[in-house]
Amino acid sequence: MSTDSAMNSEVLVCRRHGVTANPAVPWLCGECGATLSPPRNDVVMDVDALRERPENIYRLHELLPVGRTPSIGLHTGWTPLVHARQLGGLIGLENLYLKLDCYNWPSYSYKDRVVAMALQRAVERGASTVACVSTGNVGNSLASLAAAAKVRAVIFYPSGIEPAKNIISSVHGAEIFQLQGTFDQVNAICRELALKGVVPFVNLDLRPYYAEGAKTIAYEVVEQLGWRQPSNVIVPVAGATLLTRIAHGFEDMSHLGMTDAGGGPRIHAAQAAGCAPIADAFAHGESAVRPCVPDTLAKSLAIGNPTDGAAALDLIGRSNGSASAIPDEEIVESIELLASTEGVFTEPAGGVVVATARRLAKEGVISPQESVVAVISGNGLKTQEVVASSLERVTQIPADADTVTGALLDAL
Ligand SMILES: Cc1ncc(COP(=O)(O)O)c(C=O)c1O
Ligand SMILES: [Zn+2]
């Protein structure tokens, strides 16, 4: 296969099991339950010719399930990859790089990539209303991208969503239903709606296309590193779209000869201890996850029954990676550590990743010279309440010149 039309076909495969029918849930593998993918397009790419292309998620459009001229998410992706010298120096990783999807367009999280890809597909199919089930950021991405595309957005949230995420979705004019239950309960209800075809869901029936959007992180990292793969990648995990598709993206780059051959990076999963089904299964050497009921301040990662949990465990194991579970206090500490060393304000998902990097360095799982890419997937401006205690460091003084001078001289 080497044409755009191949990528636009409706054929879907499991990367582990090939074509597997699943009449019950057509977008998941009938064998292992993982989200299916469009088949890989074995196109030969001229790396030099790519330089002229727009810096967005469609840069390698031949490898993505969209038509030749996509219109949604033209400013999404190509986020900075920065060498984190100060943070890396402190935690003992000299070659630590941050992939800053906390500055993604339009809604400051990695979800802009996946939602743009699914919405593009939905619009190509003629949809005028598109829905999602979300722990916060998917809803923000859909609300914003759909508003600009003149598509009606319907969002289903569980209880406990951070106020800013609710407001951001609402201000864009989306229809929002907040159900009194966990994400997994809301997801089960929405899955029935999607199966009945009531409305298309970006992360249910359109999930195979949504998931492809996350591969673009790996494509960008390889190009930003000068067509090289890092030795390690640390990925925050909820439903495990991000982790599985970053792994697929690196596989694509090797397979197509666009980067050094070899096994690809070790894949390290980062979860909150209050919702760590994948880290728990990994610690016990199991190949399937046991669902849990989340209890963590990392609301965006609060998925107790990850759709791609088993696929993630397989990829982590095959890459000689790891899976960590980070307690809430350490997440908050790590948000502050990242902000105070690199000037980057992340939401808890990024705190989980930074804490995982620190642990892996401390335990010697990653040695000081190895290259590491840590995916900072969401922005702290949306979750300010988790670091509200930092207000205690603000000195309150009267508006009196002498007092101010004295206080300043004491502080210097
Ligand atoms: C900021 C952020 N990072 C990471 C994730 C995890 O994504 P996934 O469900 O693909 O594992 C989410 C999911 O909502 C998120 O909002
Ligand atoms: Zn499968």
# chains A, B, ... in the order shown; residues from 1 in each chain; ligands from 1
>>> residues_near_ligand(ligand="ligand 1", cutoff="6 Å", atoms="only C-alpha atoms and all ligand atoms", output="PyMOL selection string")
chain A and resi 109+135+137+236-242+300-301+349+377-378
>>> select_by_dssp(residues="region 35-257 of chain A", states="alpha helix (DSSP H)", output="short mmCIF file (atom, residue, chain, number, x, y, z; two decimals) with C-alpha atoms, in the first residue's frame")
data_model
loop_
_atom_site.label_atom_id
_atom_site.label_comp_id
_atom_site.auth_asym_id
_atom_site.auth_seq_id
_atom_site.Cartn_x
_atom_site.Cartn_y
_atom_site.Cartn_z
CA VAL A 47 13.11 13.32 4.61
CA ASP A 48 14.66 16.36 2.89
CA ALA A 49 11.40 17.19 1.13
CA LEU A 50 9.59 17.27 4.47
CA ARG A 85 19.28 20.88 31.74
CA GLN A 86 18.34 22.21 35.16
CA LEU A 87 15.75 19.58 36.03
CA GLY A 88 17.90 16.84 34.49
CA GLY A 89 20.93 18.03 36.46
CA LEU A 90 18.97 17.86 39.70
CA ILE A 91 17.53 14.40 39.19
CA LYS A 111 -5.68 15.64 23.39
CA ASP A 112 -5.78 18.36 20.74
CA ARG A 113 -3.90 15.95 18.45
CA VAL A 114 -6.23 13.00 18.86
CA VAL A 115 -9.45 14.97 18.83
CA ALA A 116 -8.40 16.91 15.71
CA MET A 117 -7.68 13.64 13.89
CA ALA A 118 -11.06 12.09 14.86
CA LEU A 119 -13.01 15.27 14.16
CA GLN A 120 -11.34 15.57 10.76
CA ARG A 121 -12.46 12.02 9.98
CA ALA A 122 -15.99 12.74 11.28
CA VAL A 123 -16.29 15.85 9.13
CA GLU A 124 -14.99 13.95 6.08
CA ASN A 137 -9.02 17.53 28.39
CA VAL A 138 -10.72 15.63 25.54
CA GLY A 139 -13.82 17.72 26.23
CA ASN A 140 -11.79 20.94 26.06
CA SER A 141 -10.23 19.90 22.75
CA LEU A 142 -13.55 18.89 21.22
CA ALA A 143 -15.36 22.02 22.44
CA SER A 144 -12.74 24.27 20.93
CA LEU A 145 -11.98 22.44 17.66
CA ALA A 146 -15.68 21.77 16.98
CA ALA A 147 -16.63 25.41 17.57
CA ALA A 148 -14.10 26.53 14.96
CA PRO A 163 -13.75 23.58 37.46
CA ALA A 164 -11.52 25.17 34.79
CA LYS A 165 -11.94 22.19 32.46
CA ASN A 166 -15.73 22.39 32.84
CA ILE A 167 -15.69 26.13 32.20
CA ILE A 168 -13.40 25.87 29.17
CA SER A 169 -15.72 23.34 27.51
CA SER A 170 -18.79 25.37 28.39
CA VAL A 171 -17.50 28.73 27.18
CA PHE A 183 -15.32 7.90 34.12
CA ASP A 184 -15.66 4.14 33.68
CA GLN A 185 -19.41 4.28 34.42
CA VAL A 186 -19.92 7.20 32.04
CA ASN A 187 -17.81 5.44 29.41
CA ALA A 188 -19.97 2.30 29.60
CA ILE A 189 -23.14 4.34 29.01
CA CYS A 190 -21.57 6.28 26.13
CA ARG A 191 -20.32 3.06 24.54
CA GLU A 192 -23.95 1.89 24.27
CA LEU A 193 -24.92 5.23 22.69
CA ALA A 194 -22.06 4.89 20.19
CA LEU A 195 -22.98 1.28 19.37
CA ARG A 207 -11.32 5.79 18.41
CA PRO A 208 -9.08 4.07 15.81
CA TYR A 209 -8.67 7.47 14.05
CA TYR A 210 -8.47 9.45 17.30
CA ALA A 211 -5.65 7.16 18.50
CA GLU A 212 -3.60 7.72 15.33
CA GLY A 213 -3.28 11.38 16.31
CA ALA A 214 -1.05 10.41 19.25
CA LYS A 215 1.55 8.83 16.92
CA THR A 216 2.42 12.33 15.75
CA ILE A 217 4.24 12.92 19.06
CA ALA A 218 6.71 10.15 18.19
CA TYR A 219 7.09 11.41 14.61
CA GLU A 220 7.90 14.92 15.88
CA VAL A 221 10.31 13.73 18.58
CA VAL A 222 12.29 11.71 16.03
CA GLU A 223 12.53 14.70 13.68
CA GLN A 224 13.31 17.15 16.51
CA THR A 241 -4.00 5.59 23.86
CA LEU A 242 -1.00 7.87 24.27
CA LEU A 243 1.39 5.13 25.37
CA THR A 244 0.38 2.56 22.76
CA ARG A 245 0.37 5.06 19.90
CA ILE A 246 3.67 6.69 20.82
CA ALA A 247 5.12 3.18 20.68
CA HIS A 248 3.46 2.59 17.27
CA GLY A 249 4.80 5.94 16.04
CA PHE A 250 8.39 4.98 16.88
CA GLU A 251 7.80 1.57 15.26
CA ASP A 252 6.61 3.34 12.07
CA MET A 253 9.73 5.51 11.97
CA SER A 254 12.04 2.47 12.22
CA HIS A 255 9.96 0.40 9.83
#
>>> residues_near_ligand(ligand="ligand 2", cutoff="12 Å", atoms="only C-alpha atoms and all ligand atoms", output="VMD selection string")
chain A and resid 12 to 22 27 to 37 307 to 312 314
>>> residues_around(residues="Val365 (chain A)", least_positions_apart="3", cutoff="12 Å", atoms="only C-alpha atoms", output="VMD selection string")
chain A and resid 92 to 93 231 to 232 266 to 268 320 to 324 356 to 362 368 to 370 372
>>> atom_distance(atom1="CA of Thr296 (chain A)", atom2="CA of His284 (chain A)")
21.5 Å
>>> atom_distance(atom1="CA of Ala407 (chain A)", atom2="CA of Glu333 (chain A)")
27.2 Å
>>> atom_distance(atom1="CA of Gly73 (chain A)", atom2="CA of Gly136 (chain A)")
18.8 Å
>>> residues_around(residues="region 389-405 of chain A", least_positions_apart="4", cutoff="12 Å", atoms="only C-alpha atoms", output="PDB file with all heavy atoms, in the first residue's frame")
ATOM      1  N   GLU A 329       1.048  13.341  46.905  1.00  0.00           N
ATOM      2  CA  GLU A 329       1.977  14.372  47.418  1.00  0.00           C
ATOM      3  C   GLU A 329       3.174  14.528  46.488  1.00  0.00           C
ATOM      4  O   GLU A 329       3.682  15.628  46.258  1.00  0.00           O
ATOM      5  CB  GLU A 329       2.535  14.048  48.829  1.00  0.00           C
ATOM      6  CG  GLU A 329       1.558  13.478  49.836  1.00  0.00           C
ATOM      7  CD  GLU A 329       1.341  11.991  49.607  1.00  0.00           C
ATOM      8  OE1 GLU A 329       2.228  11.201  49.946  1.00  0.00           O
ATOM      9  OE2 GLU A 329       0.255  11.619  49.093  1.00  0.00           O
ATOM     10  N   VAL A 332       2.298  16.589  43.350  1.00  0.00           N
ATOM     11  CA  VAL A 332       2.284  18.038  43.590  1.00  0.00           C
ATOM     12  C   VAL A 332       3.712  18.569  43.694  1.00  0.00           C
ATOM     13  O   VAL A 332       4.073  19.585  43.089  1.00  0.00           O
ATOM     14  CB  VAL A 332       1.474  18.365  44.873  1.00  0.00           C
ATOM     15  CG1 VAL A 332       1.582  19.840  45.219  1.00  0.00           C
ATOM     16  CG2 VAL A 332       0.012  17.967  44.683  1.00  0.00           C
ATOM     17  N   GLU A 333       4.543  17.868  44.463  1.00  0.00           N
ATOM     18  CA  GLU A 333       5.967  18.244  44.599  1.00  0.00           C
ATOM     19  C   GLU A 333       6.645  18.339  43.224  1.00  0.00           C
ATOM     20  O   GLU A 333       7.437  19.249  42.963  1.00  0.00           O
ATOM     21  CB  GLU A 333       6.661  17.103  45.350  1.00  0.00           C
ATOM     22  CG  GLU A 333       7.486  17.442  46.539  1.00  0.00           C
ATOM     23  CD  GLU A 333       8.032  16.114  47.062  1.00  0.00           C
ATOM     24  OE1 GLU A 333       9.049  15.645  46.533  1.00  0.00           O
ATOM     25  OE2 GLU A 333       7.404  15.543  47.986  1.00  0.00           O
ATOM     26  N   ILE A 335       5.189  18.858  40.276  1.00  0.00           N
ATOM     27  CA  ILE A 335       4.669  20.001  39.508  1.00  0.00           C
ATOM     28  C   ILE A 335       5.500  21.232  39.871  1.00  0.00           C
ATOM     29  O   ILE A 335       5.935  21.999  38.999  1.00  0.00           O
ATOM     30  CB  ILE A 335       3.171  20.250  39.833  1.00  0.00           C
ATOM     31  CG1 ILE A 335       2.297  19.124  39.283  1.00  0.00           C
ATOM     32  CG2 ILE A 335       2.718  21.613  39.292  1.00  0.00           C
ATOM     33  CD1 ILE A 335       0.831  19.205  39.704  1.00  0.00           C
ATOM     34  N   GLU A 336       5.747  21.396  41.187  1.00  0.00           N
ATOM     35  CA  GLU A 336       6.525  22.559  41.648  1.00  0.00           C
ATOM     36  C   GLU A 336       7.977  22.453  41.196  1.00  0.00           C
ATOM     37  O   GLU A 336       8.601  23.453  40.817  1.00  0.00           O
ATOM     38  CB  GLU A 336       6.398  22.689  43.166  1.00  0.00           C
ATOM     39  CG  GLU A 336       4.969  23.077  43.545  1.00  0.00           C
ATOM     40  CD  GLU A 336       4.703  23.151  45.041  1.00  0.00           C
ATOM     41  OE1 GLU A 336       5.548  22.672  45.832  1.00  0.00           O
ATOM     42  OE2 GLU A 336       3.623  23.673  45.415  1.00  0.00           O
ATOM     43  N   ALA A 339       8.160  23.451  37.527  1.00  0.00           N
ATOM     44  CA  ALA A 339       7.949  24.894  37.350  1.00  0.00           C
ATOM     45  C   ALA A 339       9.179  25.673  37.792  1.00  0.00           C
ATOM     46  O   ALA A 339       9.621  26.601  37.107  1.00  0.00           O
ATOM     47  CB  ALA A 339       6.714  25.331  38.134  1.00  0.00           C
ATOM     48  N   SER A 340       9.763  25.271  38.941  1.00  0.00           N
ATOM     49  CA  SER A 340      10.847  26.073  39.505  1.00  0.00           C
ATOM     50  C   SER A 340      12.190  25.810  38.831  1.00  0.00           C
ATOM     51  O   SER A 340      13.119  26.595  38.970  1.00  0.00           O
ATOM     52  CB  SER A 340      10.952  25.835  41.019  1.00  0.00           C
ATOM     53  OG  SER A 340      11.216  24.469  41.262  1.00  0.00           O
ATOM     54  N   GLN A 384      -5.189  24.721  38.794  1.00  0.00           N
ATOM     55  CA  GLN A 384      -4.432  25.511  39.769  1.00  0.00           C
ATOM     56  C   GLN A 384      -4.719  25.114  41.208  1.00  0.00           C
ATOM     57  O   GLN A 384      -3.892  25.304  42.094  1.00  0.00           O
ATOM     58  CB  GLN A 384      -4.734  26.992  39.565  1.00  0.00           C
ATOM     59  CG  GLN A 384      -4.266  27.482  38.209  1.00  0.00           C
ATOM     60  CD  GLN A 384      -4.515  28.963  38.004  1.00  0.00           C
ATOM     61  OE1 GLN A 384      -4.362  29.746  38.926  1.00  0.00           O
ATOM     62  NE2 GLN A 384      -4.916  29.332  36.808  1.00  0.00           N
ATOM     63  N   GLU A 385      -5.920  24.540  41.444  1.00  0.00           N
ATOM     64  CA  GLU A 385      -6.292  24.200  42.828  1.00  0.00           C
ATOM     65  C   GLU A 385      -5.319  23.190  43.452  1.00  0.00           C
ATOM     66  O   GLU A 385      -5.130  23.203  44.660  1.00  0.00           O
ATOM     67  CB  GLU A 385      -7.748  23.714  42.926  1.00  0.00           C
ATOM     68  CG  GLU A 385      -8.165  22.557  42.019  1.00  0.00           C
ATOM     69  CD  GLU A 385      -8.433  22.959  40.566  1.00  0.00           C
ATOM     70  OE1 GLU A 385      -8.485  24.154  40.249  1.00  0.00           O
ATOM     71  OE2 GLU A 385      -8.539  22.045  39.734  1.00  0.00           O
ATOM     72  N   LEU A 409      14.555  44.021  51.674  1.00  0.00           N
ATOM     73  CA  LEU A 409      15.954  43.836  52.078  1.00  0.00           C
ATOM     74  C   LEU A 409      16.110  42.552  52.885  1.00  0.00           C
ATOM     75  O   LEU A 409      17.104  41.834  52.746  1.00  0.00           O
ATOM     76  CB  LEU A 409      16.437  45.058  52.863  1.00  0.00           C
ATOM     77  CG  LEU A 409      16.574  46.329  52.000  1.00  0.00           C
ATOM     78  CD1 LEU A 409      16.933  47.539  52.862  1.00  0.00           C
ATOM     79  CD2 LEU A 409      17.589  46.141  50.879  1.00  0.00           C
ATOM     80  N   ASP A 410      15.097  42.221  53.707  1.00  0.00           N
ATOM     81  CA  ASP A 410      15.145  40.945  54.455  1.00  0.00           C
ATOM     82  C   ASP A 410      15.150  39.751  53.499  1.00  0.00           C
ATOM     83  O   ASP A 410      15.792  38.736  53.757  1.00  0.00           O
ATOM     84  CB  ASP A 410      13.905  40.809  55.355  1.00  0.00           C
ATOM     85  CG  ASP A 410      14.046  41.671  56.616  1.00  0.00           C
ATOM     86  OD1 ASP A 410      15.158  42.210  56.833  1.00  0.00           O
ATOM     87  OD2 ASP A 410      13.054  41.811  57.352  1.00  0.00           O
ATOM     88  N   ALA A 411      14.383  39.904  52.428  1.00  0.00           N
ATOM     89  CA  ALA A 411      14.218  38.760  51.512  1.00  0.00           C
ATOM     90  C   ALA A 411      15.430  38.539  50.617  1.00  0.00           C
ATOM     91  O   ALA A 411      15.682  37.430  50.154  1.00  0.00           O
ATOM     92  CB  ALA A 411      12.970  38.981  50.647  1.00  0.00           C
ATOM     93  N   LEU A 412      16.205  39.630  50.353  1.00  0.00           N
ATOM     94  CA  LEU A 412      17.311  39.499  49.390  1.00  0.00           C
ATOM     95  C   LEU A 412      18.527  38.798  50.004  1.00  0.00           C
ATOM     96  O   LEU A 412      18.764  38.848  51.186  1.00  0.00           O
ATOM     97  CB  LEU A 412      17.704  40.887  48.867  1.00  0.00           C
ATOM     98  CG  LEU A 412      16.634  41.596  48.008  1.00  0.00           C
ATOM     99  CD1 LEU A 412      17.104  42.979  47.595  1.00  0.00           C
ATOM    100  CD2 LEU A 412      16.284  40.773  46.772  1.00  0.00           C
TER     101      LEU A 412
END
>>> residues_around(residues="Pro54 (chain A)", least_positions_apart="5", cutoff="9 Å", atoms="only C-alpha atoms", output="VMD selection string")
chain A and resid 59 74 to 75
>>> write_last_selection(atoms="all heavy atoms", output="PDB file, in the first residue's frame")
ATOM      1  N   ARG A  59       1.982  16.853   9.201  1.00  0.00           N
ATOM      2  CA  ARG A  59       3.276  16.930   8.492  1.00  0.00           C
ATOM      3  C   ARG A  59       3.572  15.625   7.735  1.00  0.00           C
ATOM      4  O   ARG A  59       4.036  15.653   6.615  1.00  0.00           O
ATOM      5  CB  ARG A  59       4.366  17.219   9.523  1.00  0.00           C
ATOM      6  CG  ARG A  59       5.702  17.640   8.950  1.00  0.00           C
ATOM      7  CD  ARG A  59       6.484  18.301  10.071  1.00  0.00           C
ATOM      8  NE  ARG A  59       7.893  18.463   9.788  1.00  0.00           N
ATOM      9  CZ  ARG A  59       8.405  19.506   9.145  1.00  0.00           C
ATOM     10  NH1 ARG A  59       7.610  20.465   8.709  1.00  0.00           N
ATOM     11  NH2 ARG A  59       9.702  19.613   8.945  1.00  0.00           N
ATOM     12  N   LEU A  74      -5.047  22.615  12.076  1.00  0.00           N
ATOM     13  CA  LEU A  74      -3.890  23.023  11.257  1.00  0.00           C
ATOM     14  C   LEU A  74      -2.793  23.701  12.085  1.00  0.00           C
ATOM     15  O   LEU A  74      -1.674  23.881  11.612  1.00  0.00           O
ATOM     16  CB  LEU A  74      -4.330  23.944  10.111  1.00  0.00           C
ATOM     17  CG  LEU A  74      -5.275  23.302   9.087  1.00  0.00           C
ATOM     18  CD1 LEU A  74      -5.610  24.281   7.980  1.00  0.00           C
ATOM     19  CD2 LEU A  74      -4.693  22.017   8.504  1.00  0.00           C
ATOM     20  N   HIS A  75      -3.127  24.094  13.317  1.00  0.00           N
ATOM     21  CA  HIS A  75      -2.102  24.675  14.200  1.00  0.00           C
ATOM     22  C   HIS A  75      -1.769  23.739  15.352  1.00  0.00           C
ATOM     23  O   HIS A  75      -1.113  24.134  16.309  1.00  0.00           O
ATOM     24  CB  HIS A  75      -2.584  26.029  14.745  1.00  0.00           C
ATOM     25  CG  HIS A  75      -2.984  26.968  13.658  1.00  0.00           C
ATOM     26  ND1 HIS A  75      -2.062  27.614  12.865  1.00  0.00           N
ATOM     27  CD2 HIS A  75      -4.203  27.318  13.200  1.00  0.00           C
ATOM     28  CE1 HIS A  75      -2.694  28.344  11.967  1.00  0.00           C
ATOM     29  NE2 HIS A  75      -3.989  28.175  12.143  1.00  0.00           N
TER      30      HIS A  75
END
>>> closest_residue(among="A:Thr182, A:Asn95, A:Thr76, A:Thr129", to="Ser107 (chain A)", atoms="only C-alpha atoms")
A:Thr76
>>> select_by_dssp(residues="region 155-288 of chain A", states="strand (DSSP E)", output="ChimeraX atom specification")
/A:155-157,175-178,232-236,266-272
>>> closest_residue(among="A:Ala272, A:Val25, A:Phe201, A:Trp105", to="Ile72 (chain A)", atoms="only C-alpha atoms")
A:Trp105
